[in-house]
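Shown next: target.tsv, containing TSV, C-alpha atoms (C1' of nucleotides).
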```
chain	number	residue	atom	x	y	z
M	1	MET	CA	-4.33	-10.98	-17.82
M	2	ASP	CA	-8.10	-11.11	-17.62
M	3	LEU	CA	-10.47	-13.58	-15.99
M	4	LYS	CA	-10.96	-15.65	-19.12
M	5	GLN	CA	-7.23	-16.22	-19.47
M	6	ALA	CA	-6.88	-17.00	-15.79
M	7	LEU	CA	-9.74	-19.47	-15.98
M	8	SER	CA	-8.26	-21.37	-18.88
M	9	LEU	CA	-4.87	-21.42	-17.21
M	10	LEU	CA	-6.40	-23.00	-14.13
M	11	LYS	CA	-8.34	-25.53	-16.20
M	12	LYS	CA	-5.36	-26.38	-18.38
M	13	ASN	CA	-3.30	-27.20	-15.33
M	14	GLY	CA	-5.94	-29.29	-13.63
M	15	TYR	CA	-7.00	-26.83	-10.96
M	16	LYS	CA	-10.54	-26.22	-9.93
M	17	TYR	CA	-12.55	-23.09	-10.44
M	18	THR	CA	-14.12	-22.17	-7.13
M	19	ASP	CA	-16.22	-19.23	-6.07
M	20	LYS	CA	-13.42	-18.09	-3.75
M	21	ARG	CA	-10.91	-18.06	-6.58
M	22	GLU	CA	-13.36	-16.22	-8.77
M	23	LEU	CA	-13.91	-13.53	-6.16
M	24	MET	CA	-10.19	-13.23	-5.56
M	25	LEU	CA	-9.38	-12.90	-9.24
M	26	ASN	CA	-12.20	-10.40	-9.64
M	27	LEU	CA	-10.71	-8.30	-6.88
M	28	PHE	CA	-7.29	-8.23	-8.53
M	29	GLN	CA	-8.86	-7.53	-11.89
M	30	LYS	CA	-10.93	-4.68	-10.56
M	31	GLU	CA	-8.20	-3.09	-8.45
M	32	GLY	CA	-5.27	-3.53	-10.80
M	33	ARG	CA	-2.83	-2.62	-8.05
M	34	TYR	CA	-0.66	-4.34	-5.47
M	35	LEU	CA	-2.58	-5.89	-2.57
M	36	THR	CA	-1.47	-7.54	0.65
M	37	ALA	CA	-2.79	-10.87	1.92
M	38	LYS	CA	-4.55	-8.99	4.70
M	39	GLU	CA	-6.32	-6.65	2.29
M	40	ILE	CA	-7.48	-9.61	0.24
M	41	LEU	CA	-8.72	-11.51	3.26
M	42	ASP	CA	-10.61	-8.49	4.60
M	43	TYR	CA	-12.28	-7.93	1.27
M	44	MET	CA	-13.21	-11.57	0.74
M	45	GLN	CA	-14.52	-12.15	4.24
M	46	ALA	CA	-17.31	-9.71	3.49
M	47	LYS	CA	-18.71	-12.39	1.18
M	48	PHE	CA	-17.18	-15.49	2.81
M	49	PRO	CA	-17.02	-14.82	6.56
M	50	GLY	CA	-15.17	-18.03	7.40
M	51	LEU	CA	-12.45	-17.60	4.81
M	52	SER	CA	-9.01	-18.44	6.18
M	53	PHE	CA	-5.54	-17.10	5.50
M	54	ASP	CA	-4.59	-20.56	4.29
M	55	THR	CA	-6.91	-20.15	1.32
M	56	VAL	CA	-5.61	-16.69	0.49
M	57	TYR	CA	-1.94	-17.59	0.71
M	58	ARG	CA	-2.37	-20.92	-1.06
M	59	ASN	CA	-4.11	-19.27	-3.96
M	60	LEU	CA	-1.70	-16.36	-4.08
M	61	SER	CA	1.25	-18.68	-4.54
M	62	LEU	CA	-0.66	-20.82	-7.03
M	63	PHE	CA	-1.67	-17.80	-9.08
M	64	GLU	CA	1.87	-16.48	-9.00
M	65	ARG	CA	3.21	-19.88	-10.10
M	66	LEU	CA	0.76	-19.89	-13.02
M	67	GLY	CA	1.67	-16.35	-14.00
M	68	ILE	CA	-1.75	-14.95	-13.21
M	69	LEU	CA	-0.33	-12.67	-10.55
M	70	GLU	CA	3.01	-11.00	-10.11
M	71	GLY	CA	4.43	-10.32	-6.68
M	72	THR	CA	6.86	-8.04	-4.97
M	73	GLU	CA	7.58	-6.83	-1.46
M	74	TRP	CA	8.00	-3.58	0.40
M	75	ASP	CA	7.71	-2.45	4.03
M	76	GLY	CA	8.31	-6.04	5.04
M	77	GLU	CA	5.16	-7.32	3.41
M	78	ARG	CA	4.62	-9.40	0.33
M	79	ARG	CA	2.19	-7.91	-2.24
M	80	TYR	CA	0.56	-9.10	-5.43
M	81	ARG	CA	-1.14	-7.60	-8.46
M	82	ILE	CA	-2.69	-9.00	-11.60
M	83	HIS	CA	0.01	-9.83	-14.09
M	84	CYS	CA	0.51	-7.23	-16.82
M	85	ASN	CA	0.51	-8.93	-20.17
M	86	LYS	CA	3.49	-6.90	-21.31
M	87	ASP	CA	6.55	-8.90	-22.32
M	88	HIS	CA	8.94	-7.61	-19.73
M	89	HIS	CA	8.39	-4.54	-17.64
M	90	HIS	CA	8.99	-2.71	-14.40
M	91	HIS	CA	6.81	-0.55	-12.24
M	92	MET	CA	6.61	2.78	-10.54
M	93	ILE	CA	4.72	1.94	-7.36
M	94	CYS	CA	2.73	4.01	-4.91
M	95	THR	CA	3.86	2.61	-1.56
M	96	ASP	CA	0.69	3.90	0.05
M	97	CYS	CA	-2.07	2.39	-2.07
M	98	GLY	CA	-0.17	-0.01	-4.33
M	99	LYS	CA	-1.18	1.63	-7.62
M	100	THR	CA	1.38	1.29	-10.38
M	101	LYS	CA	2.62	2.96	-13.53
M	102	LEU	CA	4.28	0.89	-16.20
M	103	LEU	CA	7.91	1.68	-16.94
M	104	HIS	CA	9.13	1.16	-20.44
M	105	ILE	CA	12.77	0.97	-19.51
M	106	CYS	CA	14.74	-2.04	-18.30
M	107	PRO	CA	18.18	-1.39	-16.82
M	108	MET	CA	19.36	-4.84	-17.88
M	109	ASN	CA	19.64	-3.50	-21.42
M	110	GLY	CA	22.48	-1.36	-20.17
M	111	ILE	CA	24.38	-4.30	-18.72
M	112	LEU	CA	26.89	-5.22	-21.38
M	113	GLY	CA	27.47	-8.95	-21.30
M	114	GLU	CA	27.24	-11.22	-18.33
M	115	PRO	CA	30.28	-11.27	-16.05
M	116	ASP	CA	31.84	-14.72	-16.41
M	117	ASP	CA	32.05	-15.27	-12.67
M	118	PHE	CA	28.43	-14.53	-11.85
M	119	GLU	CA	25.35	-16.31	-13.13
M	120	ILE	CA	22.43	-13.92	-13.28
M	121	THR	CA	19.13	-15.44	-12.21
M	122	GLY	CA	16.97	-12.37	-11.84
M	123	HIS	CA	16.76	-8.68	-11.24
M	124	LYS	CA	14.52	-6.08	-9.67
M	125	PHE	CA	13.91	-2.50	-10.66
M	126	GLU	CA	11.18	-0.57	-8.98
M	127	ILE	CA	10.55	3.12	-8.40
M	128	TYR	CA	8.71	3.96	-5.21
M	129	GLY	CA	6.71	7.02	-4.39
M	130	LEU	CA	3.29	8.50	-3.84
M	131	CYS	CA	0.57	8.81	-6.42
M	132	ALA	CA	-1.32	12.10	-6.75
M	133	GLU	CA	-4.24	10.86	-4.67
M	134	CYS	CA	-2.16	9.51	-1.79
M	135	ASN	CA	0.15	12.50	-1.86
M	136	GLY	CA	-2.86	14.68	-1.14
M	137	ASN	CA	-3.55	12.60	1.97
M	138	ASN	CA	-6.91	11.75	0.52
M	139	LYS	CA	-7.46	8.67	2.66
M	140	ALA	CA	-10.82	7.90	1.06
M	141	THR	CA	-9.16	6.94	-2.19
M	142	LYS	CA	-7.33	4.07	-0.57
M	143	SER	CA	-10.38	1.93	0.07
M	144	PHE	CA	-11.51	-0.71	-2.37
M	145	THR	CA	-13.31	0.67	-5.37
M	146	SER	CA	-16.16	-1.69	-4.59
M	147	ASN	CA	-16.72	0.00	-1.26
M	148	ARG	CA	-17.12	3.45	-2.69
P	1	MET	CA	33.14	2.69	5.50
P	2	ASP	CA	35.81	1.39	7.85
P	3	LEU	CA	35.85	0.98	11.62
P	4	LYS	CA	37.42	4.34	12.29
P	5	GLN	CA	34.69	6.15	10.39
P	6	ALA	CA	32.01	4.09	12.11
P	7	LEU	CA	33.52	4.81	15.49
P	8	SER	CA	33.59	8.56	14.97
P	9	LEU	CA	30.02	8.47	13.65
P	10	LEU	CA	28.88	6.72	16.82
P	11	LYS	CA	30.81	9.14	19.03
P	12	LYS	CA	29.62	12.18	17.13
P	13	ASN	CA	26.01	11.15	17.65
P	14	GLY	CA	26.39	10.38	21.33
P	15	TYR	CA	26.33	6.60	21.11
P	16	LYS	CA	28.61	4.34	23.09
P	17	TYR	CA	31.34	2.15	21.76
P	18	THR	CA	30.85	-1.31	23.22
P	19	ASP	CA	32.68	-4.56	22.67
P	20	LYS	CA	29.54	-6.01	21.09
P	21	ARG	CA	29.33	-3.20	18.58
P	22	GLU	CA	33.00	-3.54	17.86
P	23	LEU	CA	32.66	-7.26	17.14
P	24	MET	CA	29.61	-6.67	15.01
P	25	LEU	CA	31.26	-3.97	12.95
P	26	ASN	CA	34.37	-6.12	12.62
P	27	LEU	CA	32.25	-8.91	11.23
P	28	PHE	CA	30.67	-6.68	8.59
P	29	GLN	CA	34.05	-5.17	7.78
P	30	LYS	CA	35.67	-8.57	7.38
P	31	GLU	CA	32.84	-10.17	5.41
P	32	GLY	CA	31.90	-7.26	3.17
P	33	ARG	CA	28.73	-9.03	2.11
P	34	TYR	CA	25.05	-9.13	3.05
P	35	LEU	CA	24.32	-10.89	6.34
P	36	THR	CA	21.08	-11.82	8.08
P	37	ALA	CA	20.36	-11.12	11.74
P	38	LYS	CA	20.58	-14.84	12.39
P	39	GLU	CA	24.04	-15.12	10.83
P	40	ILE	CA	25.22	-12.19	12.91
P	41	LEU	CA	23.81	-13.61	16.13
P	42	ASP	CA	25.33	-17.03	15.51
P	43	TYR	CA	28.72	-15.54	14.85
P	44	MET	CA	28.64	-13.21	17.84
P	45	GLN	CA	27.37	-15.80	20.29
P	46	ALA	CA	30.66	-17.64	19.88
P	47	LYS	CA	32.24	-14.79	21.79
P	48	PHE	CA	29.21	-13.57	23.75
P	49	PRO	CA	27.06	-16.63	24.55
P	50	GLY	CA	24.23	-14.65	26.12
P	51	LEU	CA	23.84	-12.17	23.29
P	52	SER	CA	20.22	-11.54	22.41
P	53	PHE	CA	18.44	-10.74	19.18
P	54	ASP	CA	17.40	-7.45	20.70
P	55	THR	CA	21.01	-6.30	20.67
P	56	VAL	CA	21.57	-7.41	17.09
P	57	TYR	CA	18.40	-5.83	15.71
P	58	ARG	CA	18.78	-2.65	17.73
P	59	ASN	CA	22.30	-2.14	16.48
P	60	LEU	CA	21.41	-3.07	12.92
P	61	SER	CA	18.78	-0.36	12.74
P	62	LEU	CA	21.06	2.12	14.50
P	63	PHE	CA	23.92	1.41	12.12
P	64	GLU	CA	21.61	1.71	9.15
P	65	ARG	CA	20.26	5.00	10.46
P	66	LEU	CA	23.79	6.33	10.81
P	67	GLY	CA	24.75	5.16	7.33
P	68	ILE	CA	27.27	2.61	8.60
P	69	LEU	CA	25.31	-0.24	7.08
P	70	GLU	CA	23.05	-0.52	4.07
P	71	GLY	CA	20.18	-2.96	4.00
P	72	THR	CA	18.03	-4.82	1.54
P	73	GLU	CA	15.78	-7.85	1.52
P	74	TRP	CA	15.36	-11.07	-0.41
P	75	ASP	CA	13.81	-14.48	0.29
P	76	GLY	CA	11.66	-12.82	2.91
P	77	GLU	CA	14.57	-11.85	5.10
P	78	ARG	CA	16.17	-8.51	5.78
P	79	ARG	CA	19.95	-8.34	5.17
P	80	TYR	CA	22.70	-5.83	5.82
P	81	ARG	CA	26.19	-5.12	4.59
P	82	ILE	CA	28.80	-2.50	5.39
P	83	HIS	CA	28.00	0.69	3.51
P	84	CYS	CA	29.99	1.22	0.35
P	85	ASN	CA	31.46	4.69	0.37
P	86	LYS	CA	30.47	5.24	-3.24
P	87	ASP	CA	28.13	8.16	-3.90
P	88	HIS	CA	25.21	6.22	-5.31
P	89	HIS	CA	25.35	2.68	-6.48
P	90	HIS	CA	23.58	-0.60	-7.00
P	91	HIS	CA	24.61	-4.19	-6.51
P	92	MET	CA	24.80	-7.52	-8.20
P	93	ILE	CA	24.08	-9.91	-5.33
P	94	CYS	CA	24.76	-13.59	-4.80
P	95	THR	CA	21.51	-14.79	-3.23
P	96	ASP	CA	23.33	-17.74	-1.74
P	97	CYS	CA	26.17	-16.16	0.21
P	98	GLY	CA	25.35	-12.45	0.01
P	99	LYS	CA	28.52	-11.41	-1.77
P	100	THR	CA	28.14	-8.38	-4.03
P	101	LYS	CA	29.59	-6.72	-7.09
P	102	LEU	CA	29.27	-2.99	-7.51
P	103	LEU	CA	27.23	-1.79	-10.47
P	104	HIS	CA	28.23	1.48	-12.06
P	105	ILE	CA	24.89	2.05	-13.71
P	106	CYS	CA	21.77	3.63	-12.25
P	107	PRO	CA	18.53	3.25	-14.19
P	108	MET	CA	17.19	6.49	-12.77
P	109	ASN	CA	19.47	8.35	-15.15
P	110	GLY	CA	17.28	7.03	-17.94
P	111	ILE	CA	14.09	8.35	-16.41
P	112	LEU	CA	13.43	11.60	-18.20
P	113	GLY	CA	11.79	14.02	-15.83
P	114	GLU	CA	9.50	13.17	-12.99
P	115	PRO	CA	5.88	12.50	-13.88
P	116	ASP	CA	3.87	15.34	-12.42
P	117	ASP	CA	1.35	13.02	-10.81
P	118	PHE	CA	3.81	10.85	-8.91
P	119	GLU	CA	6.30	11.94	-6.28
P	120	ILE	CA	9.33	9.66	-6.34
P	121	THR	CA	10.68	8.78	-2.91
P	122	GLY	CA	13.07	5.98	-3.73
P	123	HIS	CA	14.03	3.19	-6.06
P	124	LYS	CA	15.60	-0.23	-6.07
P	125	PHE	CA	17.76	-1.89	-8.68
P	126	GLU	CA	19.43	-5.16	-7.86
P	127	ILE	CA	20.70	-8.02	-9.98
P	128	TYR	CA	20.46	-11.43	-8.36
P	129	GLY	CA	22.41	-14.55	-9.12
P	130	LEU	CA	25.10	-16.94	-7.99
P	131	CYS	CA	28.74	-16.12	-7.59
P	132	ALA	CA	31.35	-18.51	-8.97
P	133	GLU	CA	31.92	-20.19	-5.62
P	134	CYS	CA	28.26	-20.77	-4.82
P	135	ASN	CA	27.50	-21.82	-8.37
P	136	GLY	CA	29.97	-24.67	-7.93
P	137	ASN	CA	27.99	-25.82	-4.91
P	138	ASN	CA	31.08	-25.34	-2.84
P	139	LYS	CA	29.28	-25.13	0.48
P	140	ALA	CA	32.50	-24.60	2.44
P	141	THR	CA	32.93	-21.14	1.01
P	142	LYS	CA	29.74	-19.96	2.60
P	143	SER	CA	31.00	-20.10	6.16
P	144	PHE	CA	32.46	-17.06	7.84
P	145	THR	CA	36.00	-16.31	6.76
P	146	SER	CA	36.96	-16.36	10.40
P	147	ASN	CA	35.90	-19.98	10.69
P	148	ARG	CA	38.00	-21.20	7.80
N	1	DT	C1'	-24.78	-39.98	-9.61
N	2	DA	C1'	-20.87	-41.98	-7.24
N	3	DG	C1'	-16.00	-41.69	-6.71
N	4	DT	C1'	-11.93	-39.02	-6.04
N	5	DA	C1'	-8.78	-35.62	-6.01
N	6	DA	C1'	-8.44	-30.94	-4.89
N	7	DA	C1'	-9.91	-26.96	-2.08
N	8	DT	C1'	-11.18	-25.07	2.08
N	9	DC	C1'	-11.76	-24.76	7.10
N	10	DG	C1'	-10.15	-24.13	11.57
N	11	DT	C1'	-6.40	-23.77	13.91
N	12	DA	C1'	-1.71	-24.37	15.23
N	13	DA	C1'	3.08	-23.78	14.33
N	14	DC	C1'	6.86	-21.32	12.64
N	15	DT	C1'	9.93	-17.41	11.53
N	16	DA	C1'	11.41	-12.83	11.58
N	17	DT	C1'	11.10	-8.83	14.05
N	18	DT	C1'	9.94	-5.64	17.74
N	19	DA	C1'	9.10	-4.37	22.54
N	20	DC	C1'	9.98	-3.80	27.45
N	21	DG	C1'	11.25	-3.91	32.40
N	22	DT	C1'	15.47	-4.85	34.72
N	23	DT	C1'	20.31	-5.01	35.09
N	24	DT	C1'	24.78	-3.85	33.49
N	25	DT	C1'	28.09	-0.84	31.43
N	26	DA	C1'	30.44	3.21	29.10
N	27	DT	C1'	30.97	7.80	29.58
N	28	DT	C1'	31.27	12.22	31.92
N	29	DA	C1'	32.31	15.26	35.38
N	30	DA	C1'	33.21	16.25	40.16
R	1	DT	C1'	39.30	7.86	41.03
R	2	DT	C1'	34.87	7.64	41.80
R	3	DA	C1'	29.98	8.80	41.61
R	4	DA	C1'	26.23	9.98	38.62
R	5	DT	C1'	23.60	9.01	34.59
R	6	DA	C1'	22.28	7.86	30.32
R	7	DA	C1'	22.68	4.28	27.07
R	8	DA	C1'	23.27	-0.69	26.06
R	9	DA	C1'	22.40	-5.24	26.83
R	10	DC	C1'	19.88	-9.11	28.94
R	11	DG	C1'	16.11	-12.12	29.23
R	12	DT	C1'	12.06	-12.84	27.66
R	13	DA	C1'	7.55	-11.94	25.81
R	14	DA	C1'	4.68	-10.15	22.22
R	15	DT	C1'	3.55	-9.21	17.52
R	16	DA	C1'	3.08	-9.84	12.53
R	17	DG	C1'	3.41	-12.31	8.47
R	18	DT	C1'	3.47	-16.68	6.61
R	19	DT	C1'	3.21	-21.68	6.33
R	20	DA	C1'	1.45	-26.23	7.68
R	21	DC	C1'	-1.88	-29.89	8.60
R	22	DG	C1'	-5.72	-33.08	9.75
R	23	DA	C1'	-10.59	-33.07	8.95
R	24	DT	C1'	-14.29	-31.74	6.11
R	25	DT	C1'	-16.39	-30.00	2.00
R	26	DT	C1'	-16.62	-29.32	-2.84
R	27	DA	C1'	-15.72	-29.43	-7.98
R	28	DC	C1'	-14.92	-32.33	-11.45
R	29	DT	C1'	-15.06	-36.75	-14.00
R	30	DA	C1'	-16.37	-41.15	-15.48
```
Since I need it in another form, could you write the structure as structure tokens?
Amino acid sequence: MDLKQALSLLKKNGYKYTDKRELMLNLFQKEGRYLTAKEILDYMQAKFPGLSFDTVYRNLSLFERLGILEGTEWDGERRYRIHCNKDHHHHMICTDCGKTKLLHICPMNGILGEPDDFEITGHKFEIYGLCAECNGNNKATKSFTSNR
Amino acid sequence: MDLKQALSLLKKNGYKYTDKRELMLNLFQKEGRYLTAKEILDYMQAKFPGLSFDTVYRNLSLFERLGILEGTEWDGERRYRIHCNKDHHHHMICTDCGKTKLLHICPMNGILGEPDDFEITGHKFEIYGLCAECNGNNKATKSFTSNR
DNA sequence: TAGTAAATCGTAACTATTACGTTTTATTAA
DNA sequence: TTAATAAAACGTAATAGTTACGATTTACTA
């Protein structure tokens, strides 16, 4: 998912293209990792000091609904990243910085037939850990690339 | 995990056996499904009107630490169930009532070797859906078995 | 360029969870 | 059996993440 696709998705569904949304999408594009609402707000307030959580959360859920972002949760906090354009995939996730590695395996392939007394609506497979940078306690690598 | 095991685990680690803990463990034992802190509090306040969230949460985290309970999260809420004594397992979970089915497959077996630039610390594989009872919108089945 | 529907602001409310000083209670040992 | 004490629970407040809402601003359209 790149900005052009996101833009046309917004337009197609009758949503407006604002400078806040542009900055937010740019951030996700640039980082390509899972971010928390707080991280997003902090980053965006550098450019838009008055930006509120309402705007961040509203857009996060809109973008997720449109398939621009994909979300998950760990350590009791919801996180989002730009949607990978792959058909169906899972992630290996660094729980420290949110960076991901694509997994090319889906455990659902090993589930033989749906049990007749249970209607499957979804599944989750994620591997958690520490990427090389975070494992080395290199705190500097956790900041936004734009701040380097 | 049954009550006797839980009891000896508490004793062995120097924790007290109180009537609140007994009721709480009984509830998990009897239900055998994922419960939220709120559900637990509601149930227990029938017997102990003054029971506080502090007690519920404190014991939940203690029981999880001791391996008496196992926890997960969905719909933005943390949930716990009595620990299955199986070695390593995953669950198919009814997101409506919290009932589970044991899965005898672990996707980690399909991961060939650990990538050298990522230290794996954990993983999560859960299948979500609706059990037969909840799928039939039979709301009555969602109450505690003790209240039937 | 005016109208309007959506987005944002500023802030409050809500929910889940954690924290803490005080009181009560289970356990241990005299 | 009782006294000592360490843990548990109570009552309540604080915190964190998220959602909600009326008023204002802004992007889009006709």
| query | Between atom CA of M:Cys131 and atom C1' of N:DT17, what is the spacing in Å? | reply |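 Computing the Euclidean distance for atom C1' of N:DT17 and atom CA of M:Cys131 yields 29.0 Å.
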| Neighbour list for stretch 79-94 of chain M as a VMD selection string, cut-off 9 Å, all atoms listed in the file, skip fewer than 3 positions in-chain | (chain M and resid 1 to 2 25 28 to 29 31 to 37 60 64 67 to 74 97 to 106 124 to 131 134) or (chain P and resid 118 to 120 123)
Residues of chain P that have any atom at most 8 Å from an atom of chain N: could you tabulate them with the shortest-distance atom pair and the distance in Å to one decimal, using all atoms listed in the file, ordered by chain and increasing number, as JSON lines?
```
{"residue": "P:Lys16", "atom": "CA", "partner": "N:DA26", "partner_atom": "C1'", "distance": 6.4}
{"residue": "P:Tyr17", "atom": "CA", "partner": "N:DA26", "partner_atom": "C1'", "distance": 7.5}
{"residue": "P:Thr18", "atom": "CA", "partner": "N:DA26", "partner_atom": "C1'", "distance": 7.4}
{"residue": "P:Glu77", "atom": "CA", "partner": "N:DA16", "partner_atom": "C1'", "distance": 7.3}
```
| said: Given all atoms listed in the file as the basis, pick out the residue of M:Thr121, M:Leu7, M:Glu39, M:Gln45 nearest to P:Asp96. | reply: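 That would be M:Thr121, the residue with the smallest distance to P:Asp96.
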Give me, as a tab-separated table, each residue of chain R that comes within 9 Å of chain M, together with its shortest interatomic pair and the distance in Å at one decimal, counting only C-alpha atoms (C1' of nucleotides), with rows ordered by chain and rising residue number.
```
residue	atom	partner	partner_atom	distance
R:DG17	C1'	M:Glu77	CA	7.3
R:DT18	C1'	M:Tyr57	CA	8.1
R:DT19	C1'	M:Asp54	CA	8.1
R:DA20	C1'	M:Asp54	CA	9.0
R:DT26	C1'	M:Thr18	CA	8.7
R:DA27	C1'	M:Lys16	CA	6.4
R:DC28	C1'	M:Lys16	CA	7.7
```
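We find atom CA of M:Met44 and atom CA of M:Val56 to be spaced 9.2 Å apart.
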Rebuild stretch 103-115 of chain M to N, CA, C and O atoms - output it as an mmCIF file, in the coordinates of the input, please.
```
data_model
loop_
_atom_site.group_PDB
_atom_site.id
_atom_site.type_symbol
_atom_site.label_atom_id
_atom_site.label_comp_id
_atom_site.auth_asym_id
_atom_site.auth_seq_id
_atom_site.Cartn_x
_atom_site.Cartn_y
_atom_site.Cartn_z
ATOM 1 N N LEU M 103 6.672 1.061 -16.472
ATOM 2 C CA LEU M 103 7.910 1.680 -16.940
ATOM 3 C C LEU M 103 8.367 0.976 -18.205
ATOM 4 O O LEU M 103 8.359 -0.248 -18.272
ATOM 5 N N HIS M 104 8.747 1.767 -19.162
ATOM 6 C CA HIS M 104 9.130 1.160 -20.440
ATOM 7 C C HIS M 104 10.642 1.082 -20.591
ATOM 8 O O HIS M 104 11.168 1.074 -21.683
ATOM 9 N N ILE M 105 11.322 1.038 -19.474
ATOM 10 C CA ILE M 105 12.770 0.970 -19.510
ATOM 11 C C ILE M 105 13.203 -0.209 -18.641
ATOM 12 O O ILE M 105 12.601 -0.462 -17.600
ATOM 13 N N CYS M 106 14.180 -0.970 -19.117
ATOM 14 C CA CYS M 106 14.740 -2.040 -18.300
ATOM 15 C C CYS M 106 16.243 -1.855 -18.202
ATOM 16 O O CYS M 106 16.939 -1.883 -19.211
ATOM 17 N N PRO M 107 16.746 -1.669 -17.001
ATOM 18 C CA PRO M 107 18.180 -1.390 -16.820
ATOM 19 C C PRO M 107 19.079 -2.520 -17.291
ATOM 20 O O PRO M 107 20.266 -2.301 -17.520
ATOM 21 N N MET M 108 18.521 -3.715 -17.447
ATOM 22 C CA MET M 108 19.360 -4.840 -17.880
ATOM 23 C C MET M 108 19.884 -4.625 -19.292
ATOM 24 O O MET M 108 20.885 -5.210 -19.683
ATOM 25 N N ASN M 109 19.173 -3.789 -20.057
ATOM 26 C CA ASN M 109 19.640 -3.500 -21.420
ATOM 27 C C ASN M 109 20.981 -2.759 -21.389
ATOM 28 O O ASN M 109 21.738 -2.806 -22.344
ATOM 29 N N GLY M 110 21.237 -2.099 -20.287
ATOM 30 C CA GLY M 110 22.480 -1.360 -20.170
ATOM 31 C C GLY M 110 23.638 -2.189 -19.630
ATOM 32 O O GLY M 110 24.760 -1.715 -19.548
ATOM 33 N N ILE M 111 23.334 -3.409 -19.227
ATOM 34 C CA ILE M 111 24.380 -4.300 -18.720
ATOM 35 C C ILE M 111 25.009 -5.010 -19.906
ATOM 36 O O ILE M 111 24.381 -5.826 -20.556
ATOM 37 N N LEU M 112 26.247 -4.677 -20.174
ATOM 38 C CA LEU M 112 26.890 -5.220 -21.380
ATOM 39 C C LEU M 112 27.555 -6.563 -21.087
ATOM 40 O O LEU M 112 28.638 -6.625 -20.502
ATOM 41 N N GLY M 113 26.894 -7.613 -21.478
ATOM 42 C CA GLY M 113 27.470 -8.950 -21.300
ATOM 43 C C GLY M 113 27.450 -9.390 -19.854
ATOM 44 O O GLY M 113 27.563 -8.576 -18.947
ATOM 45 N N GLU M 114 27.284 -10.667 -19.669
ATOM 46 C CA GLU M 114 27.240 -11.220 -18.330
ATOM 47 C C GLU M 114 28.660 -11.421 -17.813
ATOM 48 O O GLU M 114 29.504 -11.947 -18.526
ATOM 49 N N PRO M 115 28.940 -11.002 -16.590
ATOM 50 C CA PRO M 115 30.280 -11.270 -16.050
ATOM 51 C C PRO M 115 30.477 -12.791 -15.967
ATOM 52 O O PRO M 115 29.557 -13.506 -15.586
#
```
